[in-house]
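What follows is final_33.cif (mmCIF, C-alpha atoms).
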data_work
loop_
_atom_site.group_PDB
_atom_site.id
_atom_site.type_symbol
_atom_site.label_atom_id
_atom_site.label_comp_id
_atom_site.auth_asym_id
_atom_site.auth_seq_id
_atom_site.Cartn_x
_atom_site.Cartn_y
_atom_site.Cartn_z
ATOM 1 C CA MET S 889 52.813 -6.765 -113.915
ATOM 2 C CA LYS S 890 54.093 -10.156 -115.085
ATOM 3 C CA GLU S 891 56.688 -10.202 -112.294
ATOM 4 C CA LEU S 892 53.998 -9.392 -109.713
ATOM 5 C CA ALA S 893 51.795 -12.222 -111.018
ATOM 6 C CA THR S 894 54.727 -14.661 -110.907
ATOM 7 C CA ARG S 895 55.506 -13.614 -107.361
ATOM 8 C CA ALA S 896 51.865 -14.002 -106.306
ATOM 9 C CA ILE S 897 51.529 -17.462 -107.874
ATOM 10 C CA SER S 898 54.735 -18.880 -106.376
ATOM 11 C CA GLY S 899 53.883 -17.368 -102.983
ATOM 12 C CA ALA S 900 50.372 -18.829 -103.105
ATOM 13 C CA ILE S 901 51.734 -22.302 -103.922
ATOM 14 C CA TYR S 902 54.113 -22.100 -100.963
ATOM 15 C CA VAL S 903 51.370 -20.987 -98.541
ATOM 16 C CA LEU S 904 48.809 -23.522 -99.804
ATOM 17 C CA LEU S 905 51.346 -26.356 -99.599
ATOM 18 C CA LEU S 906 52.199 -25.419 -96.037
ATOM 19 C CA ILE S 907 48.616 -24.924 -94.860
ATOM 20 C CA GLY S 908 47.411 -28.010 -96.706
ATOM 21 C CA SER S 909 50.032 -30.191 -95.031
ATOM 22 C CA LEU S 910 48.788 -29.173 -91.576
ATOM 23 C CA ASN S 911 45.645 -31.272 -92.063
ATOM 24 C CA SER S 912 47.687 -34.415 -91.503
ATOM 25 C CA GLU S 913 50.460 -35.256 -89.060
ATOM 26 C CA ILE S 914 52.341 -37.333 -91.635
ATOM 27 C CA ALA S 915 52.006 -34.603 -94.279
ATOM 28 C CA THR S 916 53.291 -32.015 -91.792
ATOM 29 C CA ILE S 917 56.348 -34.149 -91.026
ATOM 30 C CA ILE S 918 57.063 -34.678 -94.733
ATOM 31 C CA VAL S 919 56.586 -31.052 -95.812
ATOM 32 C CA ILE S 920 58.621 -29.562 -92.954
ATOM 33 C CA GLY S 921 61.361 -32.097 -93.658
ATOM 34 C CA LEU S 922 61.292 -31.322 -97.382
ATOM 35 C CA PHE S 923 61.459 -27.586 -96.694
ATOM 36 C CA GLY S 924 64.383 -28.304 -94.390
ATOM 37 C CA PHE S 925 66.368 -30.211 -97.019
ATOM 38 C CA ILE S 926 65.815 -27.517 -99.644
ATOM 39 C CA SER S 927 66.760 -24.754 -97.201
ATOM 40 C CA LEU S 928 69.842 -26.698 -96.113
ATOM 41 C CA THR S 929 70.927 -27.019 -99.750
ATOM 42 C CA GLU S 930 70.569 -23.265 -100.253
ATOM 43 C CA PHE S 931 72.318 -22.505 -96.971
ATOM 44 C CA SER S 932 75.208 -24.848 -97.793
ATOM 45 C CA ARG S 933 75.809 -22.861 -100.990
ATOM 46 C CA LEU S 934 75.762 -19.584 -99.041
ATOM 47 C CA ILE S 935 78.409 -20.707 -96.555
ATOM 48 C CA LYS S 936 80.336 -22.752 -99.159
ATOM 49 C CA LEU S 937 79.904 -26.008 -97.265
ATOM 50 C CA LYS S 938 80.914 -28.599 -99.861
ATOM 51 C CA SER S 939 79.995 -31.743 -98.011
ATOM 52 C CA TYR S 940 77.171 -34.215 -97.512
ATOM 53 C CA ILE S 941 77.672 -34.581 -93.764
ATOM 54 C CA GLN S 942 75.180 -31.802 -92.972
ATOM 55 C CA TYR S 943 72.424 -33.760 -94.758
ATOM 56 C CA VAL S 944 73.207 -36.833 -92.667
ATOM 57 C CA VAL S 945 73.135 -34.713 -89.498
ATOM 58 C CA PHE S 946 69.833 -33.139 -90.553
ATOM 59 C CA SER S 947 68.295 -36.552 -91.220
ATOM 60 C CA ILE S 948 69.483 -37.930 -87.856
ATOM 61 C CA LEU S 949 68.285 -34.904 -85.873
ATOM 62 C CA TYR S 950 64.945 -34.673 -87.656
ATOM 63 C CA GLY S 951 64.256 -38.404 -87.536
ATOM 64 C CA ALA S 952 65.416 -38.867 -83.941
ATOM 65 C CA PHE S 953 63.410 -35.984 -82.516
ATOM 66 C CA TRP S 954 60.365 -36.928 -84.551
ATOM 67 C CA TYR S 955 60.549 -40.354 -82.922
ATOM 68 C CA LEU S 956 61.299 -39.056 -79.434
ATOM 69 C CA SER S 957 58.664 -36.330 -79.437
ATOM 70 C CA VAL S 958 55.882 -38.001 -81.394
ATOM 71 C CA ARG S 959 56.286 -41.769 -81.161
ATOM 72 C CA ASN S 960 57.981 -42.056 -77.787
ATOM 73 C CA SER S 961 56.921 -38.827 -76.127
ATOM 74 C CA THR S 962 56.174 -40.175 -72.644
ATOM 75 C CA THR S 963 59.749 -41.168 -71.784
ATOM 76 C CA LEU S 964 61.988 -39.020 -69.631
ATOM 77 C CA ILE S 965 64.925 -39.361 -72.031
ATOM 78 C CA SER S 966 62.955 -37.726 -74.852
ATOM 79 C CA ASP S 967 62.265 -34.636 -72.755
ATOM 80 C CA GLU S 968 65.883 -34.421 -71.627
ATOM 81 C CA ALA S 969 67.129 -34.761 -75.216
ATOM 82 C CA ILE S 970 64.798 -31.967 -76.347
ATOM 83 C CA GLN S 971 66.031 -29.727 -73.526
ATOM 84 C CA ILE S 972 69.662 -30.352 -74.479
ATOM 85 C CA LEU S 973 68.969 -29.561 -78.144
ATOM 86 C CA LEU S 974 67.064 -26.431 -77.106
ATOM 87 C CA VAL S 975 69.967 -25.137 -75.002
ATOM 88 C CA ILE S 976 72.556 -25.826 -77.728
ATOM 89 C CA THR S 977 70.377 -24.265 -80.433
ATOM 90 C CA ILE S 978 69.678 -21.090 -78.475
ATOM 91 C CA PHE S 979 73.387 -20.818 -77.590
ATOM 92 C CA VAL S 980 74.390 -21.082 -81.277
ATOM 93 C CA ASN S 981 71.688 -18.587 -82.269
ATOM 94 C CA LEU S 982 72.882 -16.092 -79.672
ATOM 95 C CA ILE S 983 76.427 -16.433 -81.033
ATOM 96 C CA LEU S 984 75.041 -15.557 -84.473
ATOM 97 C CA VAL S 985 73.323 -12.508 -82.955
ATOM 98 C CA LYS S 986 76.658 -11.519 -81.418
ATOM 99 C CA ASP S 987 78.371 -11.936 -84.794
ATOM 100 C CA LEU S 988 75.640 -9.859 -86.417
ATOM 101 C CA PHE S 989 76.338 -6.879 -84.194
ATOM 102 C CA THR S 990 80.072 -7.175 -83.520
ATOM 103 C CA SER S 991 81.670 -8.629 -86.669
ATOM 104 C CA LYS S 992 81.928 -7.247 -90.180
ATOM 105 C CA ARG S 993 81.763 -10.839 -91.369
ATOM 106 C CA ILE S 994 80.339 -13.872 -89.600
ATOM 107 C CA PRO S 995 83.378 -16.109 -88.950
ATOM 108 C CA LEU S 996 82.888 -19.336 -90.900
ATOM 109 C CA PHE S 997 85.828 -21.620 -90.187
ATOM 110 C CA GLU S 998 85.231 -25.247 -91.163
ATOM 111 C CA SER S 999 83.888 -26.586 -87.860
ATOM 112 C CA LYS S 1000 81.612 -23.575 -87.382
ATOM 113 C CA ARG S 1001 80.024 -24.229 -90.776
ATOM 114 C CA PHE S 1002 78.899 -27.673 -89.594
ATOM 115 C CA ILE S 1003 77.798 -26.359 -86.187
ATOM 116 C CA VAL S 1004 75.711 -23.587 -87.727
ATOM 117 C CA ALA S 1005 74.196 -25.932 -90.327
ATOM 118 C CA ALA S 1006 73.218 -28.376 -87.562
ATOM 119 C CA PHE S 1007 72.169 -26.142 -84.676
ATOM 120 C CA TYR S 1008 70.910 -23.058 -86.471
ATOM 121 C CA LEU S 1009 69.252 -24.434 -89.581
ATOM 122 C CA ALA S 1010 68.489 -28.113 -88.938
ATOM 123 C CA SER S 1011 67.397 -27.441 -85.348
ATOM 124 C CA GLY S 1012 65.070 -24.717 -86.560
ATOM 125 C CA PHE S 1013 63.066 -27.295 -88.514
ATOM 126 C CA VAL S 1014 63.172 -29.747 -85.625
ATOM 127 C CA PHE S 1015 61.538 -27.145 -83.387
ATOM 128 C CA MET S 1016 58.887 -26.389 -86.014
ATOM 129 C CA LEU S 1017 58.035 -30.084 -85.810
ATOM 130 C CA LEU S 1018 58.007 -29.954 -82.008
ATOM 131 C CA ILE S 1019 55.715 -26.908 -82.026
ATOM 132 C CA SER S 1020 53.270 -28.841 -84.200
ATOM 133 C CA ASN S 1021 53.337 -31.623 -81.554
ATOM 134 C CA TYR S 1022 53.158 -29.436 -78.477
ATOM 135 C CA HIS S 1023 52.231 -31.224 -75.215
ATOM 136 C CA ASN S 1024 52.392 -34.661 -76.878
ATOM 137 C CA GLU S 1025 49.486 -33.934 -79.232
ATOM 138 C CA PHE S 1026 49.286 -32.999 -82.892
ATOM 139 C CA THR S 1027 48.624 -29.251 -82.645
ATOM 140 C CA PRO S 1028 49.068 -27.842 -86.168
ATOM 141 C CA LEU S 1029 47.235 -24.611 -85.342
ATOM 142 C CA LEU S 1030 50.082 -23.591 -83.039
ATOM 143 C CA LEU S 1031 52.534 -23.842 -85.924
ATOM 144 C CA LEU S 1032 50.090 -22.175 -88.313
ATOM 145 C CA GLY S 1033 49.567 -19.322 -85.844
ATOM 146 C CA SER S 1034 53.340 -18.861 -85.593
ATOM 147 C CA PHE S 1035 53.616 -18.671 -89.377
ATOM 148 C CA ILE S 1036 50.745 -16.177 -89.546
ATOM 149 C CA LEU S 1037 52.534 -13.962 -87.020
ATOM 150 C CA ILE S 1038 55.664 -14.130 -89.191
ATOM 151 C CA TRP S 1039 53.720 -13.281 -92.348
ATOM 152 C CA VAL S 1040 51.841 -10.390 -90.726
ATOM 153 C CA ASN S 1041 55.032 -9.029 -89.179
ATOM 154 C CA ASP S 1042 56.985 -9.205 -92.457
ATOM 155 C CA SER S 1043 54.185 -7.758 -94.591
ATOM 156 C CA ALA S 1044 53.393 -4.923 -92.179
ATOM 157 C CA ALA S 1045 57.082 -4.114 -91.687
ATOM 158 C CA TYR S 1046 57.502 -3.860 -95.460
ATOM 159 C CA MET S 1047 54.430 -1.659 -95.991
ATOM 160 C CA VAL S 1048 55.047 0.650 -93.023
ATOM 161 C CA GLY S 1049 58.749 0.909 -93.803
ATOM 162 C CA LYS S 1050 58.117 1.646 -97.468
ATOM 163 C CA ASN S 1051 55.610 4.421 -96.754
ATOM 164 C CA PHE S 1052 56.811 5.888 -93.467
ATOM 165 C CA GLY S 1053 60.329 4.589 -92.884
ATOM 166 C CA LYS S 1054 62.984 7.193 -92.064
ATOM 167 C CA GLN S 1055 65.396 5.694 -89.539
ATOM 168 C CA LYS S 1056 67.443 2.771 -90.898
ATOM 169 C CA LEU S 1057 67.391 -0.324 -88.701
ATOM 170 C CA PHE S 1058 70.600 -2.030 -89.884
ATOM 171 C CA PRO S 1059 71.821 -0.224 -93.027
ATOM 172 C CA SER S 1060 75.080 -2.151 -93.397
ATOM 173 C CA ILE S 1061 73.186 -5.446 -93.765
ATOM 174 C CA SER S 1062 69.689 -4.605 -94.988
ATOM 175 C CA PRO S 1063 69.405 -0.989 -96.224
ATOM 176 C CA LYS S 1064 65.643 -1.199 -96.785
ATOM 177 C CA LYS S 1065 64.735 -2.173 -93.227
ATOM 178 C CA THR S 1066 63.715 0.703 -90.971
ATOM 179 C CA VAL S 1067 62.921 1.206 -87.298
ATOM 180 C CA GLU S 1068 59.450 2.393 -88.277
ATOM 181 C CA GLY S 1069 58.963 -0.771 -90.338
ATOM 182 C CA PHE S 1070 60.029 -2.965 -87.422
ATOM 183 C CA LEU S 1071 57.636 -1.188 -85.036
ATOM 184 C CA GLY S 1072 54.832 -1.410 -87.608
ATOM 185 C CA GLY S 1073 55.404 -5.138 -88.001
ATOM 186 C CA LEU S 1074 55.408 -5.586 -84.218
ATOM 187 C CA PHE S 1075 52.206 -3.554 -83.843
ATOM 188 C CA PHE S 1076 50.222 -5.468 -86.454
ATOM 189 C CA ALA S 1077 51.563 -8.828 -85.256
ATOM 190 C CA CYS S 1078 50.263 -7.957 -81.781
ATOM 191 C CA ILE S 1079 46.874 -7.019 -83.272
ATOM 192 C CA SER S 1080 46.732 -10.274 -85.236
ATOM 193 C CA SER S 1081 47.496 -12.276 -82.072
ATOM 194 C CA TYR S 1082 43.993 -11.486 -80.800
ATOM 195 C CA PHE S 1083 42.374 -13.010 -83.894
ATOM 196 C CA ILE S 1084 44.708 -16.019 -83.824
ATOM 197 C CA ALA S 1085 43.769 -16.677 -80.190
ATOM 198 C CA TYR S 1086 40.065 -16.260 -80.965
ATOM 199 C CA TYR S 1087 39.861 -18.414 -84.079
ATOM 200 C CA THR S 1088 42.377 -21.167 -83.297
ATOM 201 C CA GLU S 1089 41.270 -21.712 -79.672
ATOM 202 C CA THR S 1090 44.723 -23.047 -78.836
ATOM 203 C CA LEU S 1091 46.163 -20.568 -76.329
ATOM 204 C CA SER S 1092 44.546 -17.584 -74.657
ATOM 205 C CA PHE S 1093 45.181 -14.067 -75.912
ATOM 206 C CA THR S 1094 48.041 -13.197 -73.523
ATOM 207 C CA PRO S 1095 50.365 -16.065 -74.609
ATOM 208 C CA TRP S 1096 49.681 -15.269 -78.274
ATOM 209 C CA LEU S 1097 50.423 -11.595 -77.596
ATOM 210 C CA ILE S 1098 53.768 -12.521 -76.047
ATOM 211 C CA LEU S 1099 54.446 -14.876 -78.969
ATOM 212 C CA ALA S 1100 53.799 -11.959 -81.345
ATOM 213 C CA ILE S 1101 56.602 -10.035 -79.618
ATOM 214 C CA VAL S 1102 58.897 -13.095 -79.641
ATOM 215 C CA VAL S 1103 58.231 -13.681 -83.341
ATOM 216 C CA SER S 1104 58.726 -10.024 -84.296
ATOM 217 C CA VAL S 1105 62.017 -9.656 -82.434
ATOM 218 C CA PHE S 1106 63.636 -13.004 -83.204
ATOM 219 C CA GLY S 1107 62.103 -13.258 -86.670
ATOM 220 C CA THR S 1108 63.660 -9.908 -87.565
ATOM 221 C CA LEU S 1109 67.009 -11.043 -86.171
ATOM 222 C CA GLY S 1110 66.762 -14.225 -88.235
ATOM 223 C CA ASP S 1111 66.069 -12.203 -91.359
ATOM 224 C CA LEU S 1112 69.073 -9.952 -90.681
ATOM 225 C CA ILE S 1113 71.375 -12.898 -90.002
ATOM 226 C CA GLU S 1114 70.393 -14.593 -93.263
ATOM 227 C CA SER S 1115 70.884 -11.256 -95.053
ATOM 228 C CA LYS S 1116 74.403 -11.101 -93.638
ATOM 229 C CA PHE S 1117 75.135 -14.616 -94.891
ATOM 230 C CA LYS S 1118 73.902 -13.570 -98.353
ATOM 231 C CA ARG S 1119 75.975 -10.383 -98.277
ATOM 232 C CA GLN S 1120 79.088 -12.395 -97.420
ATOM 233 C CA ALA S 1121 78.296 -14.786 -100.278
ATOM 234 C CA ASP S 1122 77.682 -11.767 -102.560
ATOM 235 C CA VAL S 1123 74.255 -12.988 -103.700
ATOM 236 C CA LYS S 1124 70.847 -11.326 -103.689
ATOM 237 C CA ASP S 1125 68.798 -14.474 -102.994
ATOM 238 C CA SER S 1126 69.566 -17.817 -101.379
ATOM 239 C CA GLY S 1127 68.140 -19.637 -104.406
ATOM 240 C CA SER S 1128 65.626 -19.496 -107.228
ATOM 241 C CA ILE S 1129 63.094 -22.188 -106.369
ATOM 242 C CA MET S 1130 60.369 -19.569 -105.783
ATOM 243 C CA PRO S 1131 60.153 -17.258 -108.825
ATOM 244 C CA GLY S 1132 59.788 -13.658 -107.727
ATOM 245 C CA HIS S 1133 60.773 -14.488 -104.152
ATOM 246 C CA GLY S 1134 64.173 -16.140 -104.446
ATOM 247 C CA GLY S 1135 64.997 -19.201 -102.400
ATOM 248 C CA LEU S 1136 62.937 -21.078 -99.856
ATOM 249 C CA LEU S 1137 65.434 -20.022 -97.197
ATOM 250 C CA ASP S 1138 64.558 -16.397 -97.973
ATOM 251 C CA ARG S 1139 60.945 -17.148 -96.998
ATOM 252 C CA LEU S 1140 61.741 -19.277 -93.954
ATOM 253 C CA ASP S 1141 64.692 -17.449 -92.394
ATOM 254 C CA SER S 1142 62.511 -15.735 -89.761
ATOM 255 C CA ILE S 1143 60.686 -18.850 -88.551
ATOM 256 C CA ILE S 1144 63.889 -20.932 -88.621
ATOM 257 C CA PHE S 1145 65.547 -18.574 -86.170
ATOM 258 C CA ALA S 1146 62.433 -17.861 -84.082
ATOM 259 C CA SER S 1147 61.150 -21.445 -83.707
ATOM 260 C CA PRO S 1148 63.402 -22.518 -80.784
ATOM 261 C CA PHE S 1149 62.422 -19.361 -78.890
ATOM 262 C CA ILE S 1150 58.738 -20.013 -79.648
ATOM 263 C CA TYR S 1151 59.133 -23.562 -78.360
ATOM 264 C CA LEU S 1152 60.953 -22.329 -75.248
ATOM 265 C CA PHE S 1153 58.069 -19.994 -74.439
ATOM 266 C CA LEU S 1154 55.539 -22.805 -74.942
ATOM 267 C CA ARG S 1155 57.484 -24.961 -72.486
ATOM 268 C CA ILE S 1156 57.594 -22.140 -69.951
ATOM 269 C CA ILE S 1157 53.830 -21.547 -69.989
ATOM 270 C CA HIS S 1158 53.210 -25.315 -69.856
ATOM 271 C CA PHE S 1159 55.323 -25.854 -66.758
#

Please rewrite the model in this file as structure tokens.
Amino acid sequence: MKELATRAISGAIYVLLLIGSLNSEIATIIVIGLFGFISLTEFSRLIKLKSYIQYVVFSILYGAFWYLSVRNSTTLISDEAIQILLVITIFVNLILVKDLFTSKRIPLFESKRFIVAAFYLASGFVFMLLISNYHNEFTPLLLLGSFILIWVNDSAAYMVGKNFGKQKLFPSISPKKTVEGFLGGLFFACISSYFIAYYTETLSFTPWLILAIVVSVFGTLGDLIESKFKRQADVKDSGSIMPGHGGLLDRLDSIIFASPFIYLFLRIIHF
């Protein structure tokens, strides 16, 4: 009972901090950046990256794309820079998906550690920031809706998998995940997309429905990839900053991986 209460309190603080920050553009920038630095610290321990260069790279990427997308958003160079980062990030993420399915261990030679830290983790937070400034306007409800889809998908997948799960989804990496749990998470995320569309009045129902599918698929892949990193590091959690939950990276792994794909879809429907 005490463990459940601890888990509920730390989870509530995390959610309230995130939602509260979305009332202000500056607060959103600060909180996403802070979450990024903490997650990068946890990730660096997982991949045994004993350096400070990744923090410099994170700061440059985050600061530069904040300026280009928010403060200088009308220039052509800002859009081109975002497109280049999007292509590189998706390419690196797809390599991680390939490693997930084809390699017993994700290869982590020295240069790949820096590449993954920059274009998997740091870029994930950059695209969260870009989602919250979609179409050159502060649009926090788009980011909040994406997080809600993640939370609904994860919670439903856990509950359905726990009660009805039979077929293992990826037993070598995450023994508790099941096909039934994945489908349950997808189903309830799709249901929740209707309410997100109705109450946020940001996008119509169809784009939110497609985003629910994007979030469920790529969020699950992100969770599995982070689980593989943890298995290689022989740890249960990425950290201990959230009592009862583990590390912040454990809570953000899905949105980190899914955010560039969410942003790509938003660009597609815009153009």

List, as a PDB file with C-alpha atoms, in the frame of the given file, every residue that the PyMOL selection byres ((chain S and resi 1094) around 12) selects in the file provided.
ATOM      1  CA  CYS S1078      50.263  -7.957 -81.781  1.00  0.00           C
ATOM      2  CA  ILE S1079      46.874  -7.019 -83.272  1.00  0.00           C
ATOM      3  CA  SER S1081      47.496 -12.276 -82.072  1.00  0.00           C
ATOM      4  CA  TYR S1082      43.993 -11.486 -80.800  1.00  0.00           C
ATOM      5  CA  PHE S1083      42.374 -13.010 -83.894  1.00  0.00           C
ATOM      6  CA  ILE S1084      44.708 -16.019 -83.824  1.00  0.00           C
ATOM      7  CA  ALA S1085      43.769 -16.677 -80.190  1.00  0.00           C
ATOM      8  CA  TYR S1086      40.065 -16.260 -80.965  1.00  0.00           C
ATOM      9  CA  THR S1090      44.723 -23.047 -78.836  1.00  0.00           C
ATOM     10  CA  LEU S1091      46.163 -20.568 -76.329  1.00  0.00           C
ATOM     11  CA  SER S1092      44.546 -17.584 -74.657  1.00  0.00           C
ATOM     12  CA  PHE S1093      45.181 -14.067 -75.912  1.00  0.00           C
ATOM     13  CA  PRO S1095      50.365 -16.065 -74.609  1.00  0.00           C
ATOM     14  CA  TRP S1096      49.681 -15.269 -78.274  1.00  0.00           C
ATOM     15  CA  LEU S1097      50.423 -11.595 -77.596  1.00  0.00           C
ATOM     16  CA  ILE S1098      53.768 -12.521 -76.047  1.00  0.00           C
ATOM     17  CA  LEU S1099      54.446 -14.876 -78.969  1.00  0.00           C
ATOM     18  CA  ALA S1100      53.799 -11.959 -81.345  1.00  0.00           C
ATOM     19  CA  ILE S1101      56.602 -10.035 -79.618  1.00  0.00           C
ATOM     20  CA  ILE S1157      53.830 -21.547 -69.989  1.00  0.00           C
TER      21      ILE S1157
END

Selection near Ile976 (chain S), 12 Å with all atoms listed in the file, sequence-local residues under 3 positions removed, as a ChimeraX atom specification: /S:969-973,979-983,1003-1004,1006-1008,1011-1012,1148

CA of Phe953 (chain S) to CA of Gly1107 (chain S), straight-line distance in Å: 23.1 Å

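You will find CA of Ser912 (chain S) at 8.9 Å from CA of Phe1026 (chain S).
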
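Nearest residue to Leu1032 (chain S), choosing from S:Thr1066, S:Val945, S:Ser1020, S:Ser966 and counting all atoms listed in the file: S:Ser1020.
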
To test the calculation: enclose all listed atoms of region 914-928 of chain S in a box whose edges run along x, y and z, add 5 Å on each side, then state centre and edge lengths in Å to one decimal, as lines of an AutoDock Vina configuration file.
center_x = 60.9
center_y = -31.0
center_z = -95.3
size_x = 27.8
size_y = 22.6
size_z = 18.6

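Look at everything within 6 Å of (69.9, -9.1, -91.3) using all atoms listed in the file, and the residues you get are Ile1061, Ser1062, Asp1111, Leu1112, Ile1113, Glu1114, Ser1115 and Lys1116 of chain S.
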
If you keep C-alpha atoms, can you produce a file of those selected residues as a JSON list (two decimals), in the coordinates of the input?
[["chain", "number", "residue", "atom", "x", "y", "z"],
["S", 1061, "ILE", "CA", 73.19, -5.45, -93.76],
["S", 1062, "SER", "CA", 69.69, -4.61, -94.99],
["S", 1111, "ASP", "CA", 66.07, -12.20, -91.36],
["S", 1112, "LEU", "CA", 69.07, -9.95, -90.68],
["S", 1113, "ILE", "CA", 71.38, -12.90, -90.00],
["S", 1114, "GLU", "CA", 70.39, -14.59, -93.26],
["S", 1115, "SER", "CA", 70.88, -11.26, -95.05],
["S", 1116, "LYS", "CA", 74.40, -11.10, -93.64]]

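For the atom pair formed by CA of Phe1106 (chain S) and CA of Ala1146 (chain S), the distance is 5.1 Å, given to one decimal.
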
Mind running region 973-1052 of chain S against region 923-932 of chain S at 8 Å and telling me each contacting residue's nearest atom pair with the distance in Å (one decimal), counting only C-alpha atoms, chain and number ascending, as a tab-separated table?
residue	atom	partner	partner_atom	distance
S:Ala1005	CA	S:Leu928	CA	7.3
S:Leu1009	CA	S:Leu928	CA	6.9
S:Ala1010	CA	S:Gly924	CA	6.8
S:Phe1013	CA	S:Gly924	CA	6.1

The selected residues should be written to file as a tab-separated table (two decimals), keeping the file's coordinate frame (atoms: C-alpha atoms).
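Final output, saved to selection01.tsv:
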chain	number	residue	atom	x	y	z
S	1005	ALA	CA	74.20	-25.93	-90.33
S	1009	LEU	CA	69.25	-24.43	-89.58
S	1010	ALA	CA	68.49	-28.11	-88.94
S	1013	PHE	CA	63.07	-27.30	-88.51

Residues matched by the PyMOL selection byres ((chain S and resi 1076) around 10), written as an MDAnalysis selection string: chainID S and resid 1037 1040:1045 1071:1075 1077:1081 1100 1104

Residue nearest Gln942 (chain S) among S:Asp967, S:Ser991, S:Arg1001, S:Glu913 (counting only C-alpha atoms): S:Arg1001

Among the residues S:Ile941, S:Leu949, S:Leu1017, S:Val903, the one that comes closest to Ile918 (chain S) [using only C-alpha atoms]: S:Leu1017

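Across S:Leu934, S:Pro1059, S:Ser947, S:Ser957, the tightest approach to Asp1125 (chain S) is made by S:Leu934 when counting all atoms listed in the file.
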
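In this comparison, which uses all atoms listed in the file, the residue of S:Tyr902, S:Phe1117, S:Tyr1151, S:Phe1159 approaching Arg933 (chain S) most closely is S:Phe1117.
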
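In terms of minimum interatomic distance to Tyr1087 (chain S), S:Leu1029 ranks closest within S:Ala900, S:Ile935, S:Leu1029, S:Ile978, counting all atoms listed in the file.
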
Distance query Ile1129 (chain S) at most 10 Å, all atoms listed in the file, self and fewer than 4 positions along chain excluded, as a PyMOL selection string: chain S and resi 898+926+930+1133-1137
